[in-house]
Amino acid sequence: MEHAAVTRRGLLALGAGASATAIASCGPNAQSDSGSAADGATELRMTWWGGETRRELTDAVVAEYTDVAPEVSVSTEPSEFSGYWDKLATQTAAQDAPDIIQMEEAYLTEYAERGALLDLSAAGLDTSGFTEGLADAGVIEGAGQVGVRGGSNAPVMLVNPALFEEAGVDMPDDTAWTWDEQLAIAEEIAAASEGAYGTSQFVVNPVVFRLWLRQQGLGIWKDGELGFDVDAATAFFEFADTVLNSEAGPAAEQTQEDNAGGIEQSLFATGRQAMTVAWTNQSVAFGNALGSDVALLRLPTAPGGAGDHQMWLKPGIFWSVASSSAAPDVAVEFLNFLLNSPDSGKHLGVERGIPPNAEVRDLVKGQLEGTELSTLEFVEAVTPEVGPDPEIAPMGGSVFESLLERVGESFMFGQIDAEGAAQSMVDELGAAIS
């Protein structure tokens with residue numbers, strides 16, 4: 001899902017084969033250009049993807065840190081998401097990776113299994129102030145804790161209350177509604193509205209695919225292998241087909257166009273769609289584009305499983321330290337400040353997700369209002385209900401979202417049936433991680 005420079009298709013795969021190969025030669029003995037400057041100061045390099053707002057907030061944290069640690073200088077290397085992973089792979093292959101790296105779950109294994117990331121748990125990372133369970137993410141077997149969550153997001157059904165009101169439809173009880181009920185509500189809104197849809201399509205949505213599997217007691221991954229079979233994937237595509245064949249959502253062509261555009265141009269953000277599935281950290285951007293506050297609801301459950309949402313808290317991003325860093329202890333000290341200092345939290349807010357440190361989260365909550373406050377309160381409300389974190393993608397698993405997009409679009413346009421789509425997902429994803 002998720003930043004200003006990113007389309008709403010979700011995360012891209014890790015470039016072409018050249019990018020994956022490019023990091024193969026890196027390892028803990030490599031040396032980057034970071035370290036000690038001629039004047040004795042320790043120099044760190046830090047990279048992340050994101051828009052101008054993220055850059056301004058991150059630069060403010062860097063300034064706060066260098067005020068309390070003047071012996072350290074931190075140079076920042078922000079990037080647009082579209083070229084981020086190719087650039088990072090090239091830097092890593094050249095033994096020139098930045099010390100501090102904003103990382104995504106889909107790529108942790110790609111880098112960790114090639115020895116490119118430091119085990120933070122053995123390097124002084126402080127997660128003592130994290131809410132219980134939130135420090136567990138980012139662990140790769142054999143490599144240790146190669147990433148630490150920079151914030152938490154939850155999957156969410158974003159709702160435009162104005163379209164519900166115009167259609168005369170009551171807001172649902174999101175603690176108990178099912179996917180069948182969500183579709184019925186969407187159809188009612190679409191029938192009563194002029195030029196507005198009730199819901200988005202789900203067939204190319206990786207959040208819904210993952211949640212559907214979780215609600216069947218499955219996952220995308222299990223013990224480093226594929227966690228679902230053709231029957232389970234077929235059931236998902238058949239479920240998605242019920243929306244495709246209804247009047248509740250847009251047609252295939254409009255769905256494809258909607259997914260390829262940015263948040264600001266989306267059907268939901270332009271007031272032409274009552275419900276869409278997103279991540280909580282996207283709610284502010286959607287609300288700003290819409291020009292009004294949005295409502296946040298729990299995602300529905302499978303029929304017969306009312307209340308058993310099987311939601312989870314996704315790390316908004318991970319922070320990692322390059323194993324090639326010449327000053328790993330200083331890089332980890334900076335991460336401790338970034339994650340645990342109120343001076344950091346007052347700048348970052350919820351832009352990268354809800355802070356995992358409880359003290360910082362309470363501070364941030366006191367300075368929020370509107371949709372930002374609603375987002376934090378929603379995550380707090382669902383936290384006691386969430387299930388375990390999904391298993392981290394194995395080597396090669398970063399292709400999942402791009403594969404679902406391609407297969408899902410073929411299904412939307414009637415080029416393959418549900419079983420054919422399911423077989424393609426199982427065969428191609430299984431081949432990618434073999």
# chains A, B, ... in the order shown; residues from 1 in each chain; ligands from 1

$ residues_around --residues "Val148 in chain A" --least-positions-apart "4" --cutoff "7 Å" --atoms "only C-alpha atoms" --output "list in words"
Ala135, Ala137, Gly138, Phe318, Trp319 and Ser320 of chain A

$ write_last_selection --atoms "N, CA and C atoms" --output "PDB file, in the first residue's frame"
ATOM      1  N   ALA A 135       7.717  -5.529  19.093  1.00  0.00           N
ATOM      2  CA  ALA A 135       9.147  -5.652  18.805  1.00  0.00           C
ATOM      3  C   ALA A 135       9.490  -6.957  18.113  1.00  0.00           C
ATOM      4  N   ALA A 137       8.415  -8.181  15.238  1.00  0.00           N
ATOM      5  CA  ALA A 137       8.511  -8.136  13.773  1.00  0.00           C
ATOM      6  C   ALA A 137       9.948  -7.873  13.340  1.00  0.00           C
ATOM      7  N   GLY A 138      10.276  -8.331  12.145  1.00  0.00           N
ATOM      8  CA  GLY A 138      11.586  -8.043  11.576  1.00  0.00           C
ATOM      9  C   GLY A 138      12.646  -9.092  11.848  1.00  0.00           C
ATOM     10  N   PHE A 318      10.011  -0.775   8.070  1.00  0.00           N
ATOM     11  CA  PHE A 318      11.056  -1.237   8.980  1.00  0.00           C
ATOM     12  C   PHE A 318      12.245  -0.290   8.859  1.00  0.00           C
ATOM     13  N   TRP A 319      12.993  -0.197   9.945  1.00  0.00           N
ATOM     14  CA  TRP A 319      14.313   0.429   9.894  1.00  0.00           C
ATOM     15  C   TRP A 319      15.361  -0.664  10.022  1.00  0.00           C
ATOM     16  N   SER A 320      16.363  -0.603   9.170  1.00  0.00           N
ATOM     17  CA  SER A 320      17.472  -1.555   9.192  1.00  0.00           C
ATOM     18  C   SER A 320      18.783  -0.800   9.185  1.00  0.00           C
TER      19      SER A 320
END

$ residues_around --residues "range 125-132 of chain A" --least-positions-apart "2" --cutoff "9 Å" --atoms "only C-alpha atoms" --output "number ranges by chain"
A: 120-123, 134-136, 148, 332-333, 335-336, 339-340, 355-360

$ write_last_selection --atoms "C-alpha atoms" --output "PDB file, in the first residue's frame"
ATOM      1  CA  LEU A 120      19.920  -5.180  15.635  1.00  0.00           C
ATOM      2  CA  SER A 121      19.173  -7.296  18.709  1.00  0.00           C
ATOM      3  CA  ALA A 122      22.899  -7.935  19.139  1.00  0.00           C
ATOM      4  CA  ALA A 123      23.828  -4.312  18.505  1.00  0.00           C
ATOM      5  CA  LEU A 134       5.419  -4.985  18.506  1.00  0.00           C
ATOM      6  CA  ALA A 135       9.147  -5.652  18.805  1.00  0.00           C
ATOM      7  CA  ASP A 136       8.788  -9.178  17.429  1.00  0.00           C
ATOM      8  CA  VAL A 148      12.554  -2.922  13.581  1.00  0.00           C
ATOM      9  CA  VAL A 332      21.757   1.883  16.249  1.00  0.00           C
ATOM     10  CA  GLU A 333      22.003   4.740  18.742  1.00  0.00           C
ATOM     11  CA  LEU A 335      17.572   4.389  15.654  1.00  0.00           C
ATOM     12  CA  ASN A 336      17.012   4.292  19.421  1.00  0.00           C
ATOM     13  CA  LEU A 339      12.003   5.263  17.790  1.00  0.00           C
ATOM     14  CA  ASN A 340      11.990   6.116  21.488  1.00  0.00           C
ATOM     15  CA  PRO A 355       4.553   4.773  16.991  1.00  0.00           C
ATOM     16  CA  PRO A 356       5.426   1.423  18.611  1.00  0.00           C
ATOM     17  CA  ASN A 357       6.823   3.099  21.731  1.00  0.00           C
ATOM     18  CA  ALA A 358       3.935   3.601  24.197  1.00  0.00           C
ATOM     19  CA  GLU A 359       5.296   6.841  25.704  1.00  0.00           C
ATOM     20  CA  VAL A 360       5.861   8.366  22.287  1.00  0.00           C
TER      21      VAL A 360
END

$ select_by_dssp --residues "range 131-372 of chain A" --states "strand (DSSP E)" --output "tab-separated table (two decimals) with all heavy atoms, in the first residue's frame"
chain	number	residue	atom	x	y	z
A	139	VAL	N	12.26	-10.23	12.41
A	139	VAL	CA	13.22	-11.30	12.71
A	139	VAL	C	13.23	-12.30	11.56
A	139	VAL	O	12.19	-12.81	11.14
A	139	VAL	CB	12.87	-12.01	14.03
A	139	VAL	CG1	13.82	-13.19	14.27
A	139	VAL	CG2	12.91	-11.03	15.19
A	140	ILE	N	14.42	-12.57	11.03
A	140	ILE	CA	14.63	-13.56	9.98
A	140	ILE	C	15.47	-14.69	10.55
A	140	ILE	O	16.55	-14.45	11.10
A	140	ILE	CB	15.35	-12.95	8.75
A	140	ILE	CG1	14.56	-11.76	8.19
A	140	ILE	CG2	15.58	-14.01	7.68
A	140	ILE	CD1	13.23	-12.11	7.59
A	144	GLY	N	18.67	-13.03	12.51
A	144	GLY	CA	18.33	-12.23	13.67
A	144	GLY	C	17.34	-11.13	13.35
A	144	GLY	O	16.63	-11.19	12.34
A	145	GLN	N	17.30	-10.12	14.21
A	145	GLN	CA	16.38	-9.01	14.00
A	145	GLN	C	17.02	-8.00	13.05
A	145	GLN	O	17.73	-7.10	13.45
A	145	GLN	CB	16.00	-8.33	15.31
A	145	GLN	CG	14.98	-7.22	15.09
A	145	GLN	CD	14.17	-6.88	16.33
A	145	GLN	OE1	14.56	-7.20	17.44
A	145	GLN	NE2	13.03	-6.24	16.14
A	148	VAL	N	13.41	-3.28	12.45
A	148	VAL	CA	12.55	-2.92	13.58
A	148	VAL	C	11.44	-2.03	13.04
A	148	VAL	O	11.68	-1.15	12.22
A	148	VAL	CB	13.35	-2.20	14.70
A	148	VAL	CG1	14.03	-0.95	14.18
A	148	VAL	CG2	12.46	-1.88	15.89
A	149	ARG	N	10.21	-2.29	13.50
A	149	ARG	CA	9.08	-1.54	12.94
A	149	ARG	C	9.20	-0.06	13.30
A	149	ARG	O	9.51	0.31	14.43
A	149	ARG	CB	7.75	-2.12	13.40
A	149	ARG	CG	7.27	-1.77	14.75
A	149	ARG	CD	5.81	-2.19	14.95
A	149	ARG	NE	5.63	-3.63	14.92
A	149	ARG	CZ	4.55	-4.22	14.41
A	149	ARG	NH1	3.58	-3.51	13.89
A	149	ARG	NH2	4.44	-5.53	14.43
A	152	SER	N	3.05	1.28	13.17
A	152	SER	CA	2.09	0.20	12.91
A	152	SER	C	0.92	0.72	12.10
A	152	SER	O	0.41	1.81	12.35
A	152	SER	CB	1.56	-0.38	14.23
A	152	SER	OG	2.58	-1.01	14.96
A	153	ASN	N	0.50	-0.07	11.13
A	153	ASN	CA	-0.71	0.19	10.36
A	153	ASN	C	-1.64	-1.00	10.48
A	153	ASN	O	-1.19	-2.13	10.65
A	153	ASN	CB	-0.38	0.40	8.87
A	153	ASN	CG	0.41	1.66	8.63
A	153	ASN	OD1	0.16	2.68	9.25
A	153	ASN	ND2	1.37	1.59	7.73
A	155	PRO	N	-5.07	-2.90	8.46
A	155	PRO	CA	-5.97	-2.85	7.30
A	155	PRO	C	-7.29	-2.24	7.73
A	155	PRO	O	-7.76	-2.46	8.85
A	155	PRO	CB	-6.11	-4.32	6.90
A	155	PRO	CG	-5.77	-5.09	8.13
A	155	PRO	CD	-4.79	-4.27	8.90
A	156	VAL	N	-7.90	-1.47	6.85
A	156	VAL	CA	-9.09	-0.72	7.24
A	156	VAL	C	-10.04	-0.57	6.06
A	156	VAL	O	-9.61	-0.52	4.89
A	156	VAL	CB	-8.68	0.67	7.78
A	156	VAL	CG1	-8.02	1.51	6.70
A	156	VAL	CG2	-9.86	1.42	8.39
A	157	MET	N	-11.33	-0.54	6.35
A	157	MET	CA	-12.33	-0.17	5.36
A	157	MET	C	-12.58	1.33	5.52
A	157	MET	O	-13.16	1.76	6.53
A	157	MET	CB	-13.63	-0.94	5.55
A	157	MET	CG	-14.68	-0.67	4.47
A	157	MET	SD	-14.27	-1.41	2.87
A	157	MET	CE	-14.60	-3.16	3.21
A	158	LEU	N	-12.10	2.12	4.57
A	158	LEU	CA	-12.36	3.55	4.61
A	158	LEU	C	-13.74	3.83	4.04
A	158	LEU	O	-14.13	3.26	3.02
A	158	LEU	CB	-11.30	4.30	3.79
A	158	LEU	CG	-9.87	4.28	4.32
A	158	LEU	CD1	-8.97	5.12	3.43
A	158	LEU	CD2	-9.79	4.77	5.76
A	159	VAL	N	-14.47	4.71	4.71
A	159	VAL	CA	-15.85	4.99	4.35
A	159	VAL	C	-16.05	6.49	4.18
A	159	VAL	O	-15.54	7.29	4.97
A	159	VAL	CB	-16.81	4.45	5.45
A	159	VAL	CG1	-18.22	4.96	5.25
A	159	VAL	CG2	-16.79	2.93	5.48
A	221	TRP	N	2.41	-17.33	3.37
A	221	TRP	CA	3.62	-18.11	3.62
A	221	TRP	C	3.43	-18.96	4.87
A	221	TRP	O	2.77	-18.55	5.82
A	221	TRP	CB	4.83	-17.18	3.82
A	221	TRP	CG	4.88	-16.04	2.87
A	221	TRP	CD1	4.72	-14.72	3.16
A	221	TRP	CD2	5.11	-16.09	1.45
A	221	TRP	NE1	4.83	-13.95	2.03
A	221	TRP	CE2	5.06	-14.77	0.97
A	221	TRP	CE3	5.34	-17.14	0.56
A	221	TRP	CZ2	5.24	-14.46	-0.37
A	221	TRP	CZ3	5.51	-16.83	-0.79
A	221	TRP	CH2	5.47	-15.52	-1.24
A	222	LYS	N	4.07	-20.12	4.88
A	222	LYS	CA	4.09	-20.97	6.06
A	222	LYS	C	5.42	-21.73	6.09
A	222	LYS	O	5.72	-22.50	5.17
A	222	LYS	CB	2.93	-21.96	6.07
A	222	LYS	CG	2.89	-22.86	7.31
A	222	LYS	CD	1.65	-23.74	7.32
A	222	LYS	CE	1.67	-24.71	8.51
A	222	LYS	NZ	1.75	-24.01	9.80
A	225	GLU	N	7.55	-21.58	3.01
A	225	GLU	CA	6.96	-22.11	1.78
A	225	GLU	C	5.61	-21.44	1.52
A	225	GLU	O	5.16	-20.61	2.30
A	225	GLU	CB	6.76	-23.63	1.90
A	225	GLU	CG	8.02	-24.41	2.25
A	225	GLU	CD	9.04	-24.42	1.13
A	225	GLU	OE1	8.64	-24.17	-0.04
A	225	GLU	OE2	10.23	-24.67	1.41
A	226	LEU	N	4.98	-21.81	0.41
A	226	LEU	CA	3.66	-21.29	0.10
A	226	LEU	C	2.66	-21.78	1.16
A	226	LEU	O	2.66	-22.96	1.51
A	226	LEU	CB	3.24	-21.76	-1.29
A	226	LEU	CG	2.28	-20.87	-2.09
A	226	LEU	CD1	2.86	-19.48	-2.29
A	226	LEU	CD2	1.96	-21.52	-3.43
A	275	MET	N	-16.82	3.09	-0.28
A	275	MET	CA	-15.95	2.26	0.55
A	275	MET	C	-14.74	1.80	-0.25
A	275	MET	O	-14.86	1.49	-1.44
A	275	MET	CB	-16.70	1.03	1.08
A	275	MET	CG	-17.79	1.33	2.08
A	275	MET	SD	-18.64	-0.18	2.69
A	275	MET	CE	-19.76	-0.50	1.31
A	276	THR	N	-13.60	1.73	0.42
A	276	THR	CA	-12.40	1.16	-0.19
A	276	THR	C	-11.51	0.58	0.90
A	276	THR	O	-11.54	1.06	2.05
A	276	THR	CB	-11.62	2.22	-1.01
A	276	THR	OG1	-10.63	1.57	-1.81
A	276	THR	CG2	-10.94	3.24	-0.12
A	277	VAL	N	-10.75	-0.44	0.57
A	277	VAL	CA	-9.83	-1.07	1.52
A	277	VAL	C	-8.46	-0.45	1.38
A	277	VAL	O	-7.94	-0.30	0.26
A	277	VAL	CB	-9.76	-2.59	1.29
A	277	VAL	CG1	-8.71	-3.23	2.20
A	277	VAL	CG2	-11.12	-3.23	1.54
A	278	ALA	N	-7.87	-0.07	2.50
A	278	ALA	CA	-6.58	0.60	2.48
A	278	ALA	C	-5.84	0.26	3.77
A	278	ALA	O	-6.23	-0.64	4.53
A	278	ALA	CB	-6.77	2.11	2.34
A	279	TRP	N	-4.74	0.97	4.01
A	279	TRP	CA	-4.02	0.91	5.28
A	279	TRP	C	-4.35	2.17	6.07
A	279	TRP	O	-4.62	3.23	5.50
A	279	TRP	CB	-2.51	0.82	5.06
A	279	TRP	CG	-2.07	-0.46	4.45
A	279	TRP	CD1	-1.68	-0.67	3.16
A	279	TRP	CD2	-1.99	-1.74	5.09
A	279	TRP	NE1	-1.36	-1.98	2.96
A	279	TRP	CE2	-1.55	-2.67	4.13
A	279	TRP	CE3	-2.27	-2.18	6.39
A	279	TRP	CZ2	-1.36	-4.01	4.43
A	279	TRP	CZ3	-2.08	-3.52	6.69
A	279	TRP	CH2	-1.62	-4.42	5.72
A	295	ALA	N	-14.51	7.86	7.67
A	295	ALA	CA	-14.73	6.93	8.77
A	295	ALA	C	-13.87	5.69	8.57
A	295	ALA	O	-13.64	5.27	7.43
A	295	ALA	CB	-16.20	6.54	8.86
A	296	LEU	N	-13.39	5.12	9.66
A	296	LEU	CA	-12.55	3.93	9.61
A	296	LEU	C	-13.29	2.77	10.25
A	296	LEU	O	-13.72	2.85	11.42
A	296	LEU	CB	-11.23	4.17	10.35
A	296	LEU	CG	-10.18	5.07	9.69
A	296	LEU	CD1	-10.57	6.54	9.77
A	296	LEU	CD2	-8.81	4.87	10.35
A	297	LEU	N	-13.46	1.69	9.49
A	297	LEU	CA	-14.17	0.52	9.98
A	297	LEU	C	-13.28	-0.71	9.91
A	297	LEU	O	-12.40	-0.81	9.05
A	297	LEU	CB	-15.43	0.25	9.15
A	297	LEU	CG	-16.46	1.38	9.04
A	297	LEU	CD1	-17.65	0.90	8.21
A	297	LEU	CD2	-16.92	1.84	10.41
A	314	LYS	N	0.40	-4.25	10.66
A	314	LYS	CA	1.53	-4.31	9.72
A	314	LYS	C	2.52	-3.20	10.05
A	314	LYS	O	2.12	-2.05	10.24
A	314	LYS	CB	1.03	-4.12	8.29
A	314	LYS	CG	2.14	-4.12	7.24
A	314	LYS	CD	1.57	-3.77	5.88
A	314	LYS	CE	2.64	-3.90	4.79
A	314	LYS	NZ	3.76	-2.96	4.97
A	315	PRO	N	3.81	-3.53	10.16
A	315	PRO	CA	4.79	-2.44	10.29
A	315	PRO	C	4.66	-1.49	9.09
A	315	PRO	O	4.72	-1.93	7.94
A	315	PRO	CB	6.13	-3.18	10.29
A	315	PRO	CG	5.80	-4.55	10.79
A	315	PRO	CD	4.43	-4.85	10.22
A	318	PHE	N	10.01	-0.77	8.07
A	318	PHE	CA	11.06	-1.24	8.98
A	318	PHE	C	12.25	-0.29	8.86
A	318	PHE	O	12.48	0.32	7.80
A	318	PHE	CB	11.52	-2.65	8.62
A	318	PHE	CG	10.55	-3.74	8.98
A	318	PHE	CD1	9.66	-4.24	8.04
A	318	PHE	CD2	10.55	-4.28	10.25
A	318	PHE	CE1	8.79	-5.25	8.37
A	318	PHE	CE2	9.67	-5.30	10.59
A	318	PHE	CZ	8.79	-5.78	9.64
A	319	TRP	N	12.99	-0.20	9.94
A	319	TRP	CA	14.31	0.43	9.89
A	319	TRP	C	15.36	-0.66	10.02
A	319	TRP	O	15.24	-1.55	10.88
A	319	TRP	CB	14.49	1.45	11.02
A	319	TRP	CG	13.71	2.70	10.84
A	319	TRP	CD1	12.64	3.13	11.57
A	319	TRP	CD2	13.93	3.70	9.84
A	319	TRP	NE1	12.18	4.33	11.10
A	319	TRP	CE2	12.96	4.71	10.04
A	319	TRP	CE3	14.85	3.86	8.81
A	319	TRP	CZ2	12.87	5.85	9.24
A	319	TRP	CZ3	14.77	5.00	8.01
A	319	TRP	CH2	13.80	5.97	8.22
A	320	SER	N	16.36	-0.60	9.17
A	320	SER	CA	17.47	-1.55	9.19
A	320	SER	C	18.78	-0.80	9.19
A	320	SER	O	18.84	0.38	8.82
A	320	SER	CB	17.41	-2.49	7.98
A	320	SER	OG	16.24	-3.26	7.98
A	321	VAL	N	19.84	-1.50	9.58
A	321	VAL	CA	21.21	-0.96	9.51
A	321	VAL	C	22.02	-1.88	8.61
A	321	VAL	O	21.97	-3.10	8.74
A	321	VAL	CB	21.85	-0.86	10.91
A	321	VAL	CG1	23.33	-0.51	10.80
A	321	VAL	CG2	21.12	0.17	11.76

$ closest_residue --among "A:Gln310, A:Lys346, A:Ile392, A:Phe239" --to "Leu218 in chain A" --atoms "only C-alpha atoms"
A:Gln310

$ residues_around --residues "Thr199 in chain A" --least-positions-apart "2" --cutoff "12 Å" --atoms "only C-alpha atoms" --output "ChimeraX atom specification"
/A:157-160,163-164,179,182-191,196-197,201-202,240,243-244,246-251,255,267-268,271-277

$ closest_residue --among "A:Asp329, A:Val284, A:Glu238, A:Arg361" --to "Ser341 in chain A" --atoms "only C-alpha atoms"
A:Arg361

$ closest_residue --among "A:Leu290, A:Leu363, A:Ala418, A:Ala112" --to "Glu141 in chain A" --atoms "only C-alpha atoms"
A:Ala112

$ closest_residue --among "A:Leu118, A:Leu44, A:Val208, A:Leu376" --to "Leu404 in chain A" --atoms "only C-alpha atoms"
A:Val208

$ residues_around --residues "Val350 in chain A" --least-positions-apart "2" --cutoff "12 Å" --atoms "only C-alpha atoms" --output "ChimeraX atom specification"
/A:53-54,57,150-153,280-285,316-317,344-348,352-357,360-369,371-377,379
